[in-house]
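*Asks:* Sharing a structure, written as structure tokens. Questions coming.
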Amino acid sequence: AVVSTQSTGCPKVVQKYIENPVLFYRGDVGRVKFDIRYVVLLKSVKPLKLYKYNVFWLRFANKPFALDEFDEYEKHFTVMNYAEEAELKQIGDLEFVEM
């Protein structure tokens with residue numbers, strides 16, 4: 001969340017580390033953190049108009065999750081998978097369930 005203080009008026013980023021995240025089981029590694037990258041363009045709020053890209057990406061950590069060794073980024077982050085040899089899983093938007 002981004003908040004602004006009365007004394008400075010400057011925006012501040014406030015966050016909490018999720019200690020019990022939903023994990024994905026990878027057969028080659030074990031239970032890892034993951035995230036979903038989906039691109040949306042908000043054109044207006046009133047009336048609400050937005051556009052979405054029809055592909056999203058699932059990104060996975062490279063090591064099993066544990067609440068230790070916070071400096072070992074491969075346990076806690078999923079953004080290191082952009083190397084040429086890394087494989088990003090892409091899934092088409094037709095696999096979404098309509099709401």
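Numbering starts fresh at 1 for the residues of each chain in the structure tokens, the chains themselves are lettered A, B, ... in the order given, and ligands are numbered from 1 as they appear.
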Near region 21-23 of chain A, counting only C-alpha atoms, which residues have an atom at most 6 Å away, once you skip same-chain residues fewer than 4 positions from it, shown as an MDAnalysis selection string?

*Replies:* chainID A and resid 31:33

*Asks:* So, with only C-alpha atoms as the atoms that count, which of A:Leu48, A:Cys10, A:Val29, A:Leu41 lies closest to Ala61 (chain A)?

*Replies:*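 Comparing A:Leu48, A:Cys10, A:Val29, A:Leu41 against Ala61 (chain A), the winner is A:Val29.
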
*Asks:* Between A:Asp35, A:Ile18, A:Phe77, A:Ser44, which has the minimum distance to Arg59 (chain A) (counting only C-alpha atoms)?

*Replies:*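 Under the stated criterion, the closest residue is A:Asp35.
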
*Asks:* Rounded to one decimal, what separation in Å do you get between CA of Gly30 (chain A) and CA of Phe65 (chain A)?

*Replies:*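 Answer for the CA of Gly30 (chain A) to CA of Phe65 (chain A) separation: 8.4 Å.
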
*Asks:* May I have the residues within 9 Å of Val39 (chain A) as a VMD selection string, using only C-alpha atoms and disregarding those fewer than 6 positions away in the same chain?

*Replies:* chain A and resid 51 to 56

*Asks:* Using only C-alpha atoms for the distances, tell me which of A:Asp71, A:Phe60, A:Glu84, A:Val40 is nearest to Arg26 (chain A).

*Replies:*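 Ranking A:Asp71, A:Phe60, A:Glu84, A:Val40 by distance to Arg26 (chain A), first place goes to A:Phe60.
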
*Asks:* If I take CA of Arg37 (chain A) and CA of Glu19 (chain A), how far is one from the other in Å, to one decimal?

*Replies:*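 CA of Glu19 (chain A) lies 20.9 Å from CA of Arg37 (chain A).
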